[in-house]
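As provided, protein_1.tsv (TSV, C-alpha atoms and all ligand atoms) reads as follows.
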```tsv
chain	number	residue	atom	x	y	z
N	1	MET	CA	62.57	168.93	62.72
N	2	ALA	CA	58.84	169.02	61.97
N	3	LYS	CA	56.59	169.10	64.98
N	4	VAL	CA	54.49	166.08	65.75
N	5	SER	CA	50.84	166.79	65.01
N	6	LEU	CA	48.41	165.76	67.72
N	7	ILE	CA	44.67	166.14	68.03
N	8	GLY	CA	43.28	166.57	71.51
N	9	MET	CA	39.71	165.51	72.13
N	10	SER	CA	37.82	166.29	75.27
N	11	GLY	CA	34.77	164.52	76.60
N	12	SER	CA	33.32	167.80	77.83
N	13	LEU	CA	31.73	170.77	76.08
N	14	ARG	CA	31.50	172.72	79.36
N	15	SER	CA	33.11	176.14	79.53
N	16	GLY	CA	35.56	175.82	82.39
N	17	SER	CA	35.92	172.08	81.74
N	18	PHE	CA	38.70	170.36	83.70
N	19	SER	CA	39.29	168.01	80.77
N	20	ASN	CA	39.85	170.96	78.43
N	21	ALA	CA	42.16	172.53	81.02
N	22	ILE	CA	44.31	169.39	81.08
N	23	LEU	CA	44.54	169.37	77.27
N	24	ALA	CA	45.38	173.10	77.23
N	25	THR	CA	48.13	172.50	79.81
N	26	LEU	CA	49.58	169.68	77.72
N	27	SER	CA	49.37	171.75	74.54
N	28	GLU	CA	51.48	174.47	76.19
N	29	HIS	CA	53.86	172.02	77.85
N	30	PHE	CA	54.73	170.28	74.56
N	31	ALA	CA	54.50	173.38	72.32
N	32	GLU	CA	58.11	173.14	71.14
N	33	ARG	CA	57.84	169.52	70.04
N	34	ALA	CA	54.21	168.99	69.20
N	35	ASP	CA	51.32	170.88	67.73
N	36	LEU	CA	48.47	169.71	69.98
N	37	GLN	CA	45.19	171.14	68.68
N	38	VAL	CA	42.12	170.67	70.83
N	39	TYR	CA	39.26	169.66	68.56
N	40	ASP	CA	35.84	171.21	68.97
N	41	LEU	CA	33.37	168.33	69.10
N	42	ALA	CA	30.32	170.59	69.59
N	43	PRO	CA	29.43	170.73	65.86
N	44	ILE	CA	29.64	166.94	65.40
N	45	PRO	CA	26.12	165.53	64.90
N	46	LEU	CA	24.92	162.33	66.48
N	47	TYR	CA	26.12	159.21	64.72
N	48	ASN	CA	23.69	157.79	62.19
N	49	GLN	CA	24.56	154.74	60.13
N	50	ASP	CA	22.32	156.03	57.33
N	51	PHE	CA	25.01	158.63	56.68
N	52	GLU	CA	28.21	156.68	56.22
N	53	GLY	CA	30.89	156.98	53.54
N	54	GLU	CA	30.17	159.76	51.05
N	55	LYS	CA	26.95	160.60	52.89
N	56	ARG	CA	28.79	161.65	56.03
N	57	PRO	CA	28.08	165.23	57.13
N	58	SER	CA	30.86	167.58	56.01
N	59	VAL	CA	32.00	168.33	59.58
N	60	VAL	CA	32.41	164.61	60.14
N	61	LYS	CA	34.35	164.18	56.89
N	62	GLN	CA	36.64	166.99	58.02
N	63	MET	CA	37.12	165.42	61.45
N	64	LEU	CA	38.03	162.08	59.89
N	65	ALA	CA	40.48	163.76	57.51
N	66	ASP	CA	42.05	165.63	60.44
N	67	ILE	CA	42.39	162.45	62.47
N	68	GLU	CA	43.93	160.68	59.49
N	69	ALA	CA	46.45	163.48	59.00
N	70	ALA	CA	47.42	163.64	62.69
N	71	ASP	CA	50.30	161.61	64.06
N	72	GLY	CA	48.36	160.78	67.18
N	73	LEU	CA	45.49	161.62	69.48
N	74	VAL	CA	45.26	162.69	73.10
N	75	LEU	CA	41.87	161.96	74.63
N	76	CYS	CA	40.90	163.42	77.99
N	77	ALA	CA	37.45	162.87	79.40
N	78	PRO	CA	35.44	163.20	82.56
N	79	GLU	CA	33.57	160.16	83.76
N	80	PHE	CA	29.83	160.39	83.10
N	81	ASN	CA	27.69	157.76	84.79
N	82	HIS	CA	30.65	155.41	85.13
N	83	SER	CA	31.54	155.58	81.46
N	84	ILE	CA	32.63	157.69	78.47
N	85	PRO	CA	30.72	160.96	77.95
N	86	GLY	CA	28.44	160.76	74.91
N	87	VAL	CA	30.17	163.62	73.10
N	88	LEU	CA	33.46	161.73	72.94
N	89	LYS	CA	31.92	158.30	72.37
N	90	ASN	CA	29.95	159.82	69.49
N	91	ALA	CA	33.14	161.12	67.88
N	92	ILE	CA	34.78	157.71	68.33
N	93	ASP	CA	31.75	156.02	66.74
N	94	TRP	CA	31.93	158.24	63.63
N	95	ALA	CA	35.68	157.78	63.40
N	96	SER	CA	35.48	154.00	63.87
N	97	ARG	CA	33.97	153.26	60.46
N	98	PRO	CA	34.66	151.36	58.27
N	99	ALA	CA	35.25	148.87	61.06
N	100	PHE	CA	38.88	147.75	61.49
N	101	ALA	CA	39.99	149.96	58.56
N	102	SER	CA	39.03	153.36	59.93
N	103	VAL	CA	41.16	156.42	60.63
N	104	LEU	CA	41.47	155.11	64.19
N	105	ALA	CA	42.99	151.80	63.16
N	106	TYR	CA	46.64	151.66	64.30
N	107	LYS	CA	46.49	155.34	65.31
N	108	PRO	CA	48.58	156.00	68.42
N	109	VAL	CA	46.33	157.36	71.19
N	110	ALA	CA	47.06	158.58	74.72
N	111	ILE	CA	44.12	158.50	77.10
N	112	MET	CA	43.41	160.21	80.39
N	113	ALA	CA	40.41	160.76	82.63
N	114	THR	CA	39.38	163.14	85.33
N	115	SER	CA	36.57	163.74	87.77
N	116	ARG	CA	35.78	165.64	90.92
N	117	GLY	CA	35.40	162.30	92.67
N	118	PRO	CA	37.88	159.98	94.41
N	119	LEU	CA	38.10	157.54	91.48
N	120	GLY	CA	39.11	160.23	88.99
N	121	GLY	CA	37.26	158.68	86.09
N	122	ALA	CA	38.96	155.28	86.38
N	123	ARG	CA	35.93	153.51	84.92
N	124	CYS	CA	35.76	155.96	82.01
N	125	LEU	CA	39.45	155.29	81.32
N	126	GLU	CA	38.81	151.54	81.17
N	127	HIS	CA	35.87	152.05	78.83
N	128	MET	CA	37.96	154.30	76.58
N	129	LYS	CA	40.55	151.53	76.34
N	130	VAL	CA	37.91	148.96	75.46
N	131	ALA	CA	36.30	151.20	72.81
N	132	LEU	CA	39.68	152.05	71.25
N	133	ASP	CA	40.71	148.39	71.29
N	134	SER	CA	37.66	147.66	69.19
N	135	CYS	CA	38.90	150.26	66.69
N	136	LEU	CA	42.38	148.64	66.61
N	137	SER	CA	43.88	151.89	67.88
N	138	ARG	CA	47.31	151.75	69.51
N	139	VAL	CA	46.53	152.92	73.03
N	140	THR	CA	49.90	154.03	74.32
N	141	LEU	CA	51.25	152.09	77.26
N	142	ALA	CA	51.98	154.51	80.06
N	143	ARG	CA	51.20	154.98	83.71
N	144	GLU	CA	47.46	155.45	83.94
N	145	VAL	CA	46.41	159.08	84.07
N	146	ILE	CA	43.47	159.42	86.44
N	147	ILE	CA	43.08	162.89	87.89
N	148	THR	CA	40.99	162.71	91.03
N	149	ALA	CA	39.48	165.69	92.87
N	150	ALA	CA	40.02	167.75	89.74
N	151	GLU	CA	38.85	170.99	91.30
N	152	THR	CA	41.79	170.92	93.74
N	153	ARG	CA	44.41	170.24	91.06
N	154	ILE	CA	43.27	172.56	88.28
N	155	LYS	CA	43.46	176.30	88.80
N	156	ASP	CA	42.73	179.08	86.32
N	157	GLY	CA	42.28	176.62	83.49
N	158	ARG	CA	45.58	174.80	83.97
N	159	LEU	CA	46.63	171.56	85.67
N	160	VAL	CA	48.90	172.75	88.47
N	161	ASP	CA	49.28	169.65	90.65
N	162	GLU	CA	52.87	168.53	90.03
N	163	THR	CA	52.26	164.81	90.52
N	164	CYS	CA	49.22	164.72	88.23
N	165	LEU	CA	51.06	166.85	85.70
N	166	SER	CA	53.96	164.38	85.67
N	167	PHE	CA	51.55	161.52	84.98
N	168	ALA	CA	49.81	163.43	82.17
N	169	THR	CA	53.06	164.60	80.54
N	170	GLY	CA	54.44	161.07	80.96
N	171	ALA	CA	51.57	159.70	78.89
N	172	VAL	CA	52.21	162.24	76.13
N	173	GLU	CA	55.97	161.52	76.25
N	174	ALA	CA	55.14	157.83	75.76
N	175	LEU	CA	52.84	158.76	72.88
N	176	LEU	CA	55.60	160.81	71.20
N	177	LYS	CA	58.03	157.94	71.63
N	178	GLU	CA	55.55	155.51	70.11
N	179	ILE	CA	54.89	157.86	67.17
N	180	ALA	CA	58.63	158.15	66.53
N	181	LEU	CA	59.07	154.36	66.61
N	182	PHE	CA	56.02	153.92	64.39
N	183	LYS	CA	57.43	156.38	61.82
N	184	ASP	CA	60.87	154.76	61.88
N	185	ALA	CA	59.26	151.38	61.25
N	186	GLY	CA	57.76	152.91	58.08
X	201	LIG	C1	26.01	163.67	83.63
X	201	LIG	C2	27.15	163.54	84.61
X	201	LIG	C3	27.52	162.32	85.09
X	201	LIG	C4	28.59	162.18	85.97
X	201	LIG	N1	28.96	160.95	86.38
X	201	LIG	C5	30.09	160.81	87.11
X	201	LIG	C6	30.56	159.52	87.45
X	201	LIG	O1	29.98	158.51	87.12
X	201	LIG	N2	31.72	159.43	88.16
X	201	LIG	C7	32.42	160.53	88.56
X	201	LIG	O2	33.46	160.39	89.17
X	201	LIG	N3	31.99	161.77	88.24
X	201	LIG	C8	30.85	161.94	87.53
X	201	LIG	N4	30.43	163.19	87.17
X	201	LIG	C9	31.23	164.34	87.57
X	201	LIG	C10	32.17	164.74	86.44
X	201	LIG	O3	33.11	163.73	86.16
X	201	LIG	C11	32.89	166.03	86.82
X	201	LIG	O4	31.93	167.03	87.01
X	201	LIG	C12	33.88	166.48	85.77
X	201	LIG	O5	34.67	167.48	86.32
X	201	LIG	C13	33.23	167.06	84.53
X	201	LIG	O6	34.23	167.18	83.56
X	201	LIG	P1	34.65	168.58	82.97
X	201	LIG	O7	35.18	169.40	84.10
X	201	LIG	O8	35.70	168.28	81.94
X	201	LIG	O9	33.41	169.20	82.36
X	201	LIG	C14	29.31	163.34	86.35
X	201	LIG	C15	28.91	164.59	85.87
X	201	LIG	C16	27.86	164.70	85.01
X	201	LIG	C17	27.47	166.05	84.47
```

Could you render the structure from this file as C-alpha cells?
Amino acid sequence: MAKVSLIGMSGSLRSGSFSNAILATLSEHFAERADLQVYDLAPIPLYNQDFEGEKRPSVVKQMLADIEAADGLVLCAPEFNHSIPGVLKNAIDWASRPAFASVLAYKPVAIMATSRGPLGGARCLEHMKVALDSCLSRVTLAREVIITAAETRIKDGRLVDETCLSFATGAVEALLKEIALFKDAG
C-alpha cells in the first residue's frame, strides 16, 4: 500500500529547534506508513500581494504544488509573543490564496505547539486553529498537543517524554485516519 504523504512545517528556523525535533521524531515513528517530509521554510520570501498567481516567486509556487500534492500537513510551532511565529504564518499566508479555494482548503492538518514555558504554546495552538479555519483547512480533531517545558522532554533532537510522545503520535494517528476516510469518500 502506498505511503501517505505528509508535509511537516515548523515555526522555527533555529538549529536545535524543539519544534523540528518533534517533527523529526514523528517522521521516524511513522516511517513505515507515512512519508513525513519536513519542509524548509527558510527560502520562502515574505508575503506580498503584488506577487500572487503567476507572479508568485518560484519557491512559493513549488511550496504550493507540494502542499497540493501532499495528503496532509503536520504543523509544529513554538509560541512567539503569544502567537504563531512569523515564519509559519508567512507560509500559511502564501498558501491561503486564492481565499477559500487555496491548496489549504479542505486539506487535513494536524497541529501541535511547544515552548520552554508552562503553557507549552497553548495560545499559539489556538491561533493556528483560527488561521487554518479561515483557510477552510480540516484541522484534525485530536487531543491537543501542547508540549510544555520542551527542554526537559526533548533530548538529542528527539521527543523522549512518553506522555508527550503519545499525544503527538495520537494527533498524527487521527490525521492518518481522517486522510483515509477523506480518500474513501472520494
Ligand atoms: C521571539 C520569541 C518570542 C517568544 N515568545 C514566547 C511566548 O510568548 N510564550 C512562550 O511560551 N514562549 C515564548 N518564547 C520561547 C519559545 O517558545 C521557545 O524558546 C521555543 O523553544 C522556541 O522554539 P524552537 O525550539 O522550535 O526554536 C519565545 C521565544 C522567542 C525567540

Ranking N:Gln62, N:Gln37, N:Thr25, N:Ser96 by minimum distance to Ile7 (chain N) and counting only C-alpha atoms, which one comes first? N:Gln37

With only C-alpha atoms and all ligand atoms as the basis for distance, which of N:Ile44, N:Leu159, N:Ala77, N:Leu125 is at the shortest distance from ligand LIG 201 (chain X)?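 Using only C-alpha atoms and all ligand atoms, ligand LIG 201 (chain X) sits closest to N:Ala77.
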
As a quick test: using all atoms listed in the file, which residues lie no more than 12 Å away from ligand LIG 201 (chain X)? Give them as a count of residues only. 57

Padding 5 Å on each side, edges along x, y and z: where is the centre of the box around the listed atoms of region 142-147 of chain N, and how long are its edges in Å to one decimal? Output it as lines of an AutoDock Vina configuration file.
```
center_x = 47.5
center_y = 158.7
center_z = 84.0
size_x = 18.9
size_y = 18.4
size_z = 17.8
```

I'd like the contact shell of Ala2 (chain N) - 12 Å cut-off, all atoms listed in the file, skipping same-chain residues fewer than 6 positions apart - returned as a list in words.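 Final neighbour list, sorted by chain and number: Glu32, Arg33, Ala34, Asp35, Asp71 and Ala180 of chain N.
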
Restricting the calculation to only C-alpha atoms, which member of N:Ser5, N:Thr140, N:Ser27, N:Gln49 is positioned closest to Leu175 (chain N)?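 Nearest candidate to Leu175 (chain N) out of N:Ser5, N:Thr140, N:Ser27, N:Gln49: N:Thr140.
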
Mind pulling up the distance from CA of Ser58 (chain N) to CA of Cys135 (chain N)? 21.9 Å

Restricting the calculation to all atoms listed in the file: of N:Leu181, N:Cys164, N:Leu176, N:Ile67, which residue gets closest to Ser137 (chain N)? N:Ile67

Between N:Leu6, N:Leu132, N:Ala31, N:Ile179, which one has atoms that come closest to Leu73 (chain N), using only C-alpha atoms? N:Leu6

Compare N:Leu46, N:Leu136, N:Val109, N:Leu41 by their minimum atom-to-atom distance to Val172 (chain N), counting all atoms listed in the file, and give me the closest one.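 The answer is N:Val109, which sits nearest to Val172 (chain N).
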
Quick one: pull the distance between CA of Arg97 (chain N) and CA of Val4 (chain N), Å, one decimal.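 Taking CA of Arg97 (chain N) and CA of Val4 (chain N), their separation equals 24.8 Å.
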
Using all atoms listed in the file, which residues sit within 12 Å of Met63 (chain N) once same-chain residues fewer than 4 positions away are excluded, as a PyMOL selection string? chain N and resi 7-9+38-45+56-59+67-70+91-92+94-96+103-104

May I ask for the distance between CA of Leu36 (chain N) and CA of Phe167 (chain N), given in Å to one decimal place?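 Distance between the two atoms: 17.4 Å.
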